[in-house]
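Asks: Got a structure for you, final-v8.cif, holding mmCIF, C-alpha atoms and all ligand atoms.
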```cif
data_model
#
loop_
_atom_site.label_atom_id
_atom_site.label_comp_id
_atom_site.auth_asym_id
_atom_site.auth_seq_id
_atom_site.Cartn_x
_atom_site.Cartn_y
_atom_site.Cartn_z
CA MET K 1 -13.37 8.32 7.23
CA SER K 2 -13.37 8.13 3.46
CA GLY K 3 -11.63 10.66 1.20
CA THR K 4 -8.98 10.32 -1.47
CA ALA K 5 -6.78 7.27 -1.42
CA VAL K 6 -3.81 6.66 -3.67
CA VAL K 7 -3.05 2.97 -4.25
CA THR K 8 0.29 2.00 -5.78
CA GLY K 9 0.47 -1.39 -7.46
CA ALA K 10 -3.22 -0.84 -8.23
CA ALA K 11 -3.32 -3.31 -11.13
CA GLY K 12 -1.49 -5.97 -9.17
CA PHE K 13 -2.80 -8.93 -7.25
CA VAL K 14 -3.49 -7.44 -3.80
CA GLY K 15 -3.65 -3.84 -5.06
CA SER K 16 -6.54 -4.45 -7.44
CA HIS K 17 -8.62 -6.17 -4.76
CA LEU K 18 -7.84 -3.27 -2.43
CA VAL K 19 -9.01 -0.75 -5.06
CA ASP K 20 -12.32 -2.61 -5.52
CA ASN K 21 -12.95 -2.64 -1.79
CA LEU K 22 -11.98 1.01 -1.21
CA LEU K 23 -14.41 2.05 -3.94
CA LYS K 24 -17.15 -0.02 -2.28
CA GLU K 25 -16.39 1.76 0.99
CA GLY K 26 -16.85 5.19 -0.61
CA PHE K 27 -13.27 6.33 -1.17
CA SER K 28 -12.19 8.22 -4.27
CA VAL K 29 -9.27 6.19 -5.53
CA ILE K 30 -6.31 7.06 -7.72
CA GLY K 31 -4.54 3.90 -8.83
CA LEU K 32 -0.91 3.92 -9.96
CA ASP K 33 0.76 1.02 -11.73
CA SER K 34 3.59 0.62 -14.23
CA LEU K 35 1.79 -2.43 -15.70
CA LYS K 36 5.12 -4.28 -15.73
CA THR K 37 3.59 -7.13 -13.76
CA GLY K 38 0.15 -5.70 -12.98
CA GLN K 39 -2.68 -6.39 -15.43
CA ARG K 40 -5.14 -3.75 -16.61
CA THR K 41 -7.84 -6.46 -16.69
CA ASN K 42 -7.58 -6.68 -12.89
CA LEU K 43 -9.11 -3.20 -12.89
CA ASP K 44 -12.01 -3.96 -15.26
CA GLU K 45 -14.58 -3.39 -12.52
CA ALA K 46 -12.84 -0.36 -11.00
CA LEU K 47 -12.49 1.37 -14.37
CA THR K 48 -16.29 1.53 -14.69
CA HIS K 49 -16.47 3.50 -11.42
CA ASP K 50 -16.77 7.32 -11.43
CA ASN K 51 -14.59 7.62 -8.33
CA PHE K 52 -11.64 5.81 -9.87
CA ARG K 53 -8.77 7.26 -11.85
CA PHE K 54 -5.89 5.18 -13.21
CA GLU K 55 -2.39 6.37 -14.09
CA GLU K 56 0.11 4.12 -15.81
CA VAL K 57 3.35 5.24 -14.19
CA ASP K 58 6.49 3.97 -12.49
CA ILE K 59 6.50 4.82 -8.77
CA CYS K 60 10.03 6.20 -9.15
CA SER K 61 8.84 8.75 -11.72
CA LYS K 62 9.54 12.43 -11.10
CA ASP K 63 6.20 13.21 -12.82
CA LEU K 64 4.11 11.90 -9.94
CA LEU K 65 3.61 15.30 -8.36
CA LYS K 66 2.39 16.68 -11.67
CA MET K 67 -0.11 13.83 -11.91
CA LEU K 68 -1.22 14.12 -8.31
CA LYS K 69 -1.98 17.83 -7.91
CA ASP K 70 -4.70 17.64 -5.26
CA PRO K 71 -4.47 16.82 -1.55
CA ILE K 72 -4.40 13.14 -0.66
CA ASP K 73 -5.84 11.66 2.53
CA ILE K 74 -4.12 8.31 2.53
CA VAL K 75 -1.52 6.42 0.54
CA PHE K 76 -1.63 2.63 0.33
CA HIS K 77 1.80 1.71 -0.97
CA LEU K 78 1.79 -1.82 -2.40
CA ALA K 79 3.83 -1.48 -5.59
CA ALA K 80 6.97 -3.59 -5.32
CA ILE K 81 8.93 -6.37 -6.88
CA SER K 82 7.63 -9.10 -4.62
CA SER K 83 9.89 -11.98 -5.59
CA VAL K 84 12.72 -13.28 -3.40
CA LYS K 85 14.04 -15.20 -6.42
CA LEU K 86 14.16 -12.12 -8.65
CA SER K 87 15.92 -10.18 -5.90
CA THR K 88 18.80 -12.65 -5.91
CA GLU K 89 19.02 -12.32 -9.72
CA ASN K 90 18.58 -8.55 -10.01
CA PRO K 91 19.09 -6.85 -6.63
CA ILE K 92 19.73 -3.39 -8.14
CA GLU K 93 16.34 -3.27 -9.84
CA VAL K 94 14.64 -4.57 -6.70
CA ASN K 95 16.30 -1.81 -4.70
CA ARG K 96 15.20 0.80 -7.24
CA VAL K 97 11.56 -0.20 -7.15
CA ASN K 98 11.22 -1.24 -3.52
CA VAL K 99 13.41 1.38 -1.81
CA ASP K 100 13.65 4.39 -4.17
CA GLY K 101 10.00 3.86 -5.09
CA THR K 102 8.92 3.94 -1.45
CA LEU K 103 10.93 7.10 -0.80
CA ASN K 104 9.41 8.76 -3.85
CA MET K 105 5.90 7.86 -2.62
CA LEU K 106 6.71 9.21 0.86
CA GLU K 107 7.72 12.49 -0.80
CA VAL K 108 4.41 12.55 -2.67
CA ALA K 109 2.59 11.89 0.61
CA ARG K 110 4.48 14.73 2.32
CA ARG K 111 3.98 17.23 -0.51
CA ARG K 112 0.27 16.42 -0.76
CA ASN K 113 -0.32 16.47 2.99
CA ALA K 114 -1.38 12.84 3.31
CA GLY K 115 -2.15 12.09 6.94
CA ARG K 116 -1.56 8.38 6.63
CA PHE K 117 0.78 6.04 4.82
CA VAL K 118 0.04 2.33 4.79
CA PHE K 119 3.00 0.27 3.66
CA SER K 120 2.84 -3.36 2.60
CA SER K 121 6.02 -4.86 3.96
CA SER K 122 6.86 -8.52 4.28
CA ALA K 123 7.43 -11.32 6.74
CA ALA K 124 10.69 -11.85 4.87
CA VAL K 125 12.19 -9.14 7.13
CA TYR K 126 12.37 -11.68 9.99
CA GLY K 127 14.55 -14.27 8.22
CA ASN K 128 14.70 -17.50 10.21
CA PRO K 129 13.89 -16.61 13.82
CA GLU K 130 14.20 -19.20 16.57
CA VAL K 131 10.75 -18.65 18.02
CA LEU K 132 7.51 -19.36 16.15
CA PRO K 133 4.95 -17.91 15.69
CA ILE K 134 6.92 -14.76 14.88
CA SER K 135 5.93 -11.63 16.80
CA GLU K 136 6.55 -8.11 15.56
CA GLY K 137 9.27 -7.50 18.16
CA THR K 138 11.46 -10.21 16.65
CA SER K 139 14.78 -8.86 15.41
CA LEU K 140 15.15 -8.24 11.71
CA ASN K 141 17.39 -10.52 9.68
CA PRO K 142 17.40 -10.12 5.90
CA LEU K 143 18.30 -13.36 4.12
CA SER K 144 17.76 -11.90 0.63
CA PRO K 145 18.04 -8.52 -1.10
CA TYR K 146 14.23 -8.57 -1.19
CA ALA K 147 14.09 -8.73 2.62
CA ALA K 148 16.75 -6.01 2.88
CA SER K 149 14.74 -3.77 0.54
CA LYS K 150 11.61 -4.16 2.66
CA ILE K 151 13.53 -3.33 5.86
CA ALA K 152 15.04 -0.22 4.24
CA ALA K 153 11.61 0.87 3.03
CA GLU K 154 10.10 0.34 6.50
CA MET K 155 12.81 2.56 7.98
CA TYR K 156 12.06 5.35 5.49
CA CYS K 157 8.36 5.12 6.42
CA ARG K 158 9.20 5.44 10.09
CA SER K 159 11.52 8.40 9.51
CA TYR K 160 8.75 10.25 7.66
CA GLY K 161 6.45 9.51 10.59
CA HIS K 162 8.90 11.15 12.99
CA LEU K 163 9.89 14.05 10.76
CA HIS K 164 6.70 14.92 8.94
CA GLY K 165 3.91 13.43 11.03
CA ILE K 166 2.85 10.97 8.31
CA THR K 167 1.92 8.16 10.67
CA PRO K 168 2.84 4.90 9.00
CA THR K 169 1.00 1.63 9.33
CA ILE K 170 3.41 -1.09 8.30
CA PHE K 171 1.88 -4.45 7.49
CA ARG K 172 4.20 -7.42 7.33
CA TYR K 173 2.34 -9.66 4.92
CA PHE K 174 3.04 -13.37 5.22
CA ASN K 175 2.19 -15.52 2.16
CA VAL K 176 -0.84 -14.09 0.41
CA PHE K 177 -2.81 -16.13 -2.13
CA GLY K 178 -6.02 -15.93 -4.13
CA PRO K 179 -7.51 -14.96 -7.49
CA ARG K 180 -5.54 -12.52 -9.70
CA GLN K 181 -2.13 -13.61 -8.41
CA GLU K 182 -0.01 -13.64 -11.56
CA TYR K 183 1.50 -16.88 -12.80
CA SER K 184 5.20 -16.72 -13.64
CA GLU K 185 8.37 -18.27 -12.28
CA TYR K 186 8.61 -15.23 -9.96
CA SER K 187 5.14 -15.44 -8.49
CA GLY K 188 3.71 -17.08 -5.38
CA VAL K 189 3.98 -20.82 -4.97
CA ILE K 190 0.22 -21.43 -4.86
CA SER K 191 -0.36 -19.79 -8.24
CA ILE K 192 2.58 -21.76 -9.67
CA PHE K 193 1.43 -25.15 -8.33
CA ILE K 194 -2.20 -24.65 -9.39
CA ASN K 195 -1.21 -23.62 -12.91
CA GLN K 196 1.21 -26.53 -13.19
CA GLY K 197 -1.55 -28.88 -12.02
CA LEU K 198 -4.13 -27.51 -14.44
CA LYS K 199 -1.67 -27.66 -17.37
CA ASN K 200 -0.44 -31.18 -16.48
CA LEU K 201 3.11 -29.90 -15.96
CA ASP K 202 5.52 -31.14 -13.29
CA ILE K 203 4.81 -29.58 -9.90
CA THR K 204 8.19 -28.12 -8.93
CA VAL K 205 9.01 -28.39 -5.23
CA ASP K 206 12.22 -26.55 -4.21
CA GLY K 207 14.43 -28.69 -1.98
CA ASP K 208 12.78 -31.42 0.07
CA GLY K 209 9.63 -29.32 0.53
CA SER K 210 9.82 -29.41 4.32
CA GLN K 211 9.89 -25.60 4.50
CA THR K 212 6.60 -24.24 5.86
CA ARG K 213 4.46 -21.19 5.20
CA SER K 214 1.25 -19.76 6.64
CA PHE K 215 -0.95 -18.64 3.80
CA ILE K 216 -3.54 -15.89 4.11
CA TYR K 217 -6.34 -15.31 1.61
CA VAL K 218 -6.34 -12.02 -0.28
CA ASP K 219 -9.82 -10.94 0.95
CA ASP K 220 -8.58 -11.10 4.54
CA VAL K 221 -5.46 -9.14 3.68
CA VAL K 222 -7.49 -6.39 2.02
CA LYS K 223 -9.92 -6.19 4.94
CA ALA K 224 -7.10 -5.76 7.45
CA THR K 225 -5.21 -3.31 5.24
CA ILE K 226 -8.25 -1.00 5.07
CA LEU K 227 -8.80 -1.28 8.83
CA GLY K 228 -5.16 -0.29 9.29
CA GLY K 229 -5.66 2.72 7.05
CA ARG K 230 -8.77 3.82 8.93
CA LYS K 231 -7.15 3.50 12.35
CA ASN K 232 -6.73 6.91 13.95
CA GLY K 233 -3.85 7.83 16.17
CA SER K 234 -0.39 9.24 16.00
CA ASN K 235 1.55 6.08 16.83
CA GLU K 236 3.25 4.14 14.09
CA LEU K 237 1.99 0.59 13.82
CA VAL K 238 3.84 -2.52 12.75
CA LEU K 239 1.44 -5.42 12.26
CA ASN K 240 1.75 -8.99 11.04
CA LEU K 241 -0.79 -10.33 8.57
CA SER K 242 -0.44 -14.08 8.68
CA GLY K 243 -2.58 -17.14 8.26
CA THR K 244 -3.25 -19.05 11.45
CA ASP K 245 -1.91 -22.48 10.39
CA SER K 246 1.17 -23.48 8.52
CA ILE K 247 1.69 -26.11 5.86
CA SER K 248 4.84 -27.57 4.32
CA ILE K 249 5.44 -26.89 0.64
CA LEU K 250 5.41 -30.63 -0.13
CA GLU K 251 2.09 -31.04 1.67
CA LEU K 252 0.79 -28.04 -0.28
CA ALA K 253 1.78 -29.66 -3.59
CA LYS K 254 -0.12 -32.83 -2.61
CA ARG K 255 -3.18 -30.87 -1.45
CA ILE K 256 -3.32 -28.90 -4.70
CA LYS K 257 -3.15 -32.15 -6.68
CA GLU K 258 -6.17 -33.38 -4.71
CA TYR K 259 -8.10 -30.27 -5.73
CA ILE K 260 -7.31 -30.97 -9.40
CA PRO K 261 -8.19 -34.70 -9.57
CA GLU K 262 -7.95 -34.86 -13.37
CA SER K 263 -4.34 -33.63 -13.35
CA THR K 264 -1.59 -35.97 -14.56
CA SER K 265 1.14 -33.79 -13.02
CA THR K 266 3.79 -35.39 -10.88
CA ILE K 267 5.62 -33.76 -8.01
CA VAL K 268 9.33 -33.25 -8.73
CA HIS K 269 12.08 -31.80 -6.55
CA ARG K 270 14.56 -29.10 -7.63
CA ASN K 271 17.46 -27.52 -5.77
CA ALA K 272 16.49 -25.52 -2.70
CA ARG K 273 16.17 -21.81 -3.40
CA GLU K 274 18.93 -19.33 -2.50
CA GLY K 275 17.92 -16.94 0.29
CA ASP K 276 14.84 -19.01 1.18
CA VAL K 277 13.23 -18.77 4.60
CA LYS K 278 12.73 -22.14 6.32
CA ASP K 279 9.59 -21.72 8.43
CA SER K 280 7.22 -18.80 8.47
CA ILE K 281 4.15 -18.25 10.59
CA GLY K 282 3.26 -14.99 12.27
CA SER K 283 1.64 -14.23 15.56
CA MET K 284 -1.61 -12.37 14.97
CA GLU K 285 -1.95 -11.31 18.61
CA ARG K 286 -1.05 -7.66 18.10
CA THR K 287 -3.06 -7.32 14.88
CA SER K 288 -6.13 -8.76 16.50
CA ALA K 289 -5.74 -6.55 19.61
CA VAL K 290 -5.16 -3.34 17.61
CA LEU K 291 -7.55 -3.87 14.70
CA GLY K 292 -10.01 -6.38 16.13
CA PHE K 293 -9.21 -8.49 13.08
CA SER K 294 -8.62 -12.20 12.58
CA PRO K 295 -8.52 -14.02 9.24
CA ALA K 296 -11.97 -15.35 8.37
CA VAL K 297 -11.33 -17.45 5.25
CA HIS K 298 -10.30 -21.04 5.94
CA PHE K 299 -7.26 -22.14 3.94
CA ASN K 300 -9.06 -24.96 2.10
CA THR K 301 -11.98 -22.68 1.19
CA GLY K 302 -9.57 -20.09 -0.20
CA LEU K 303 -7.67 -22.78 -2.08
CA GLU K 304 -10.86 -24.08 -3.67
CA SER K 305 -11.90 -20.59 -4.84
CA THR K 306 -8.42 -19.97 -6.19
CA VAL K 307 -8.36 -23.25 -8.16
CA SER K 308 -11.81 -22.41 -9.61
CA TRP K 309 -10.64 -18.95 -10.63
CA TYR K 310 -7.57 -20.21 -12.53
CA ARG K 311 -9.65 -23.05 -14.01
CA SER K 312 -12.22 -20.59 -15.40
CA ARG K 313 -9.47 -18.49 -16.95
CA LEU K 314 -7.85 -21.45 -18.65
CA SER K 315 -11.04 -22.90 -20.09
C1 LIG K 401 6.40 -14.72 -0.36
C2 LIG K 401 6.07 -13.62 -1.34
C3 LIG K 401 6.71 -12.34 -0.87
C4 LIG K 401 6.25 -12.07 0.54
C5 LIG K 401 6.64 -13.22 1.44
C6 LIG K 401 6.15 -13.02 2.86
C7 LIG K 401 5.69 -14.07 -3.71
C8 LIG K 401 6.32 -14.34 -5.03
N1 LIG K 401 6.53 -13.94 -2.68
O1 LIG K 401 7.79 -15.05 -0.40
O2 LIG K 401 6.33 -11.27 -1.72
O3 LIG K 401 6.79 -10.87 0.98
O4 LIG K 401 6.03 -14.40 0.95
O5 LIG K 401 6.37 -14.14 3.64
O6 LIG K 401 4.49 -13.98 -3.59
N2 LIG K 401 8.53 -22.84 -4.09
C9 LIG K 401 8.60 -24.11 -4.64
N3 LIG K 401 8.35 -24.25 -5.97
C10 LIG K 401 8.03 -23.20 -6.77
C11 LIG K 401 7.95 -21.91 -6.21
C12 LIG K 401 8.21 -21.78 -4.85
O7 LIG K 401 8.88 -25.10 -3.94
O8 LIG K 401 7.80 -23.43 -7.99
C13 LIG K 401 8.84 -22.70 -2.66
C14 LIG K 401 9.91 -21.67 -2.37
O9 LIG K 401 11.22 -22.20 -2.47
C15 LIG K 401 9.57 -21.26 -0.95
C16 LIG K 401 8.04 -21.43 -0.89
O10 LIG K 401 7.68 -22.24 -1.99
O11 LIG K 401 10.16 -22.15 -0.02
C17 LIG K 401 7.31 -20.12 -0.98
O12 LIG K 401 7.81 -19.41 -2.09
P1 LIG K 401 7.11 -18.09 -2.66
O13 LIG K 401 5.68 -18.35 -2.95
O14 LIG K 401 7.97 -17.57 -3.74
O15 LIG K 401 7.08 -17.15 -1.39
P2 LIG K 401 8.17 -16.60 -0.34
O16 LIG K 401 9.55 -16.70 -0.85
O17 LIG K 401 7.81 -17.18 0.96
#
```
Would you encode the structure as structure tokens?
Ligand code: UD1
Replies:
Amino acid sequence: MSGTAVVTGAAGFVGSHLVDNLLKEGFSVIGLDSLKTGQRTNLDEALTHDNFRFEEVDICSKDLLKMLKDPIDIVFHLAAISSVKLSTENPIEVNRVNVDGTLNMLEVARRRNAGRFVFSSSAAVYGNPEVLPISEGTSLNPLSPYAASKIAAEMYCRSYGHLHGITPTIFRYFNVFGPRQEYSEYSGVISIFINQGLKNLDITVDGDGSQTRSFIYVDDVVKATILGGRKNGSNELVLNLSGTDSISILELAKRIKEYIPESTSTIVHRNAREGDVKDSIGSMERTSAVLGFSPAVHFNTGLESTVSWYRSRLS
């Protein structure tokens, strides 16, 4: 199946890689992005493609239906405020974008007869479960407004599946990393540590750094997300997308320093972050059974490519 895909968050980190891959697979793609955190340059390649159209728009906009007049086959909904930290500082805005925005996109999907809705949710929905690796049946426990917003959005997706037959595929992304991840105090830890290392700034570890994460490379995430979109069937799917090993944040800081041998950065500790999850690694059993997918990019290989990418942008 190809057809018309709408990608929200198209100029963002994961969204822009998804757009590139959908175009390669023969989809016509309409990309939506407010460009508040997304970068138009992430779409440089896509914008040369005849089957790509870009709209700069907020996903909460009431103008979406005017912009999207034709039938849509599939919606990949990635646009979100993705920062736990920002959600503790500005929960109202996070709710607007992550919850109202999802509902608005579900309405677009319903009004334009989209058969499928692929939603990028988060491992944050699990909080701190007792059993690791975390399986999809684990109860939900929001430790931050960000996690609460993702749970609410998941529930709206499911309700539209029941009511309107828009079968949702809900991916719970664990920690995604790779080229094009923005660098700011609200972005992913790998992009922060690499940029600090390359700029000879202190590498800022929150708390003692014993918290762990399982990182998954963006190419793997995109591959699985497209497989999820292509999957036929009328059952809603909830699938983890996690790396297969975990690493502590302190260990990560040391590893990144090794990959930037010229760096004079030192590792410093700050207060632990409010609403932080302690340990996070997902079971990939269901995802591999349903999609026949397992992550292919080794963590160190992904890290090396990511360091090279930031290095080339800074030089
Ligand atoms: C991340 C994603 C979130 C995703 C979730 C899924 C980002 C910004 N967040 O949240 O969208 O849904 O994974 O699991 O991509 N840390 C430091 N120093 C720093 C920055 C972070 O020590 O300068 C620590 C944090 O306190 C945390 C860990 O690194 O313990 C990971 O933080 P972060 O990259 O922000 O990701 P999550 O909060 O896990």
Asks: Which residues of chain K come within 6 Å of ligand LIG 401 (chain K), and what is each one's closest atom pair and distance in Å (one decimal), counting only C-alpha atoms and all ligand atoms, sorted by chain and residue number, as CSV?
Replies:
```
residue,atom,partner,partner_atom,distance
K:Ser82,CA,K:LIG401,O2,3.8
K:Ser83,CA,K:LIG401,C8,4.3
K:Val84,CA,K:LIG401,O16,5.3
K:Ser122,CA,K:LIG401,O3,4.1
K:Ala123,CA,K:LIG401,O5,4.3
K:Ala124,CA,K:LIG401,O5,5.0
K:Tyr173,CA,K:LIG401,C6,5.5
K:Phe174,CA,K:LIG401,O5,3.8
K:Asn175,CA,K:LIG401,O4,4.2
K:Tyr186,CA,K:LIG401,C8,5.5
K:Ser187,CA,K:LIG401,C8,3.8
K:Gly188,CA,K:LIG401,O13,3.4
K:Val189,CA,K:LIG401,O13,3.6
K:Ile192,CA,K:LIG401,O8,5.7
K:Thr204,CA,K:LIG401,O8,4.8
K:Val205,CA,K:LIG401,O7,3.5
K:Asp206,CA,K:LIG401,O7,3.7
K:Gln211,CA,K:LIG401,O11,5.7
K:Ile249,CA,K:LIG401,O10,5.8
K:Arg273,CA,K:LIG401,O9,5.1
K:Asp276,CA,K:LIG401,O11,5.8
```
Asks: Go through K:Ile74, K:Ala153, K:Val222, K:Leu86 and flag the residue nearest Ile166 (chain K), using all atoms listed in the file for the distances.
Replies: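 For Ile166 (chain K), the nearest of the given residues is K:Ile74.
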Asks: When distances are computed from only C-alpha atoms, which of K:Val19, K:Ile59, K:Val99, K:Val277 shows the smallest separation from Leu35 (chain K)?
Replies: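 Of all the options, K:Ile59 lies closest to Leu35 (chain K).
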Asks: Nearest to Phe215 (chain K): which of K:Lys278, K:Lys24, K:His298, K:Arg180 is it, counting only C-alpha atoms?
Replies: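 Selected residue with least distance to Phe215 (chain K): K:His298.
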Asks: Do you know which residues lie at most 12 Å from (-13.8, 17.1, 1.8), with coordinates as in the file and all atoms listed in the file counted, and could you write them as number ranges by chain?
Replies: K: 1-4, 27-28, 70-73
Asks: Using only C-alpha atoms, which of the listed residues (K:Ser294, K:Ser210, K:Ser234, K:Asn95) sits closest to Ala272 (chain K)?
Replies: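 Answer, going by the shortest atom-to-atom distance: K:Ser210.
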Asks: May I have the residues within 9 Å of region 103-117 of chain K as a ChimeraX atom specification, using all atoms listed in the file and disregarding those fewer than 6 positions away in the same chain?
Replies: /K:8,59-62,64-65,68-77,153,156-157,160-161,164-170,229-230
Asks: Mind checking which residues fall within 9 Å of Tyr126 (chain K), counting only C-alpha atoms, ignoring those fewer than 3 positions away in the same chain, and posting them as a count of residues only?
Replies: 14
Asks: Please determine, counting all atoms listed in the file, which residue among K:Ser315, K:Thr37, K:Ser214, K:Asn300 has the shortest atom-to-atom distance to Pro133 (chain K).
Replies: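 Counting all atoms listed in the file, the residue closest to Pro133 (chain K) is K:Ser214.
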Asks: So which residues are close to (-7.8, -29.0, -10.4), meaning at most 12 Å away in the file's coordinates with all atoms listed in the file counted, and can you show them as a ChimeraX atom specification?
Replies: /K:193-200,253-265,303-312,314-315
Asks: Report, in Å to a single decimal, how far apart CA of Ser135 (chain K) and CA of Ser283 (chain K) are.
Replies: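 These two atoms are separated by 5.2 Å.
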Asks: So how many Å separate CA of Asp63 (chain K) and CA of Gly31 (chain K), to one decimal?
Replies: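 About the pair CA of Asp63 (chain K) and CA of Gly31 (chain K): they are 14.8 Å apart.
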Asks: Leaving out Asp33 (chain K) and any residue of its chain fewer than 4 positions from it, which residues lie within 10 Å of it when counting all atoms listed in the file, given as a list in words?
Replies: Val7, Thr8, Gly9, Ala10, Ala11, Gly12, Gly15, Thr37, Gly38, Gln39, Arg40, Phe54, Glu55, Glu56, Val57, Asp58, Ile59, Leu78 and Ala79 of chain K
Asks: CA of Gln181 (chain K) to CA of Asp202 (chain K): how many Å, to one decimal?
Replies: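 CA of Asp202 (chain K) lies 19.7 Å from CA of Gln181 (chain K).
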Asks: Could you tell me which of K:Ile226, K:Ile247, K:Ile92, K:Ile190 comes closest to His17 (chain K) if we count all atoms listed in the file?
Replies: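 Selected residue with least distance to His17 (chain K): K:Ile226.
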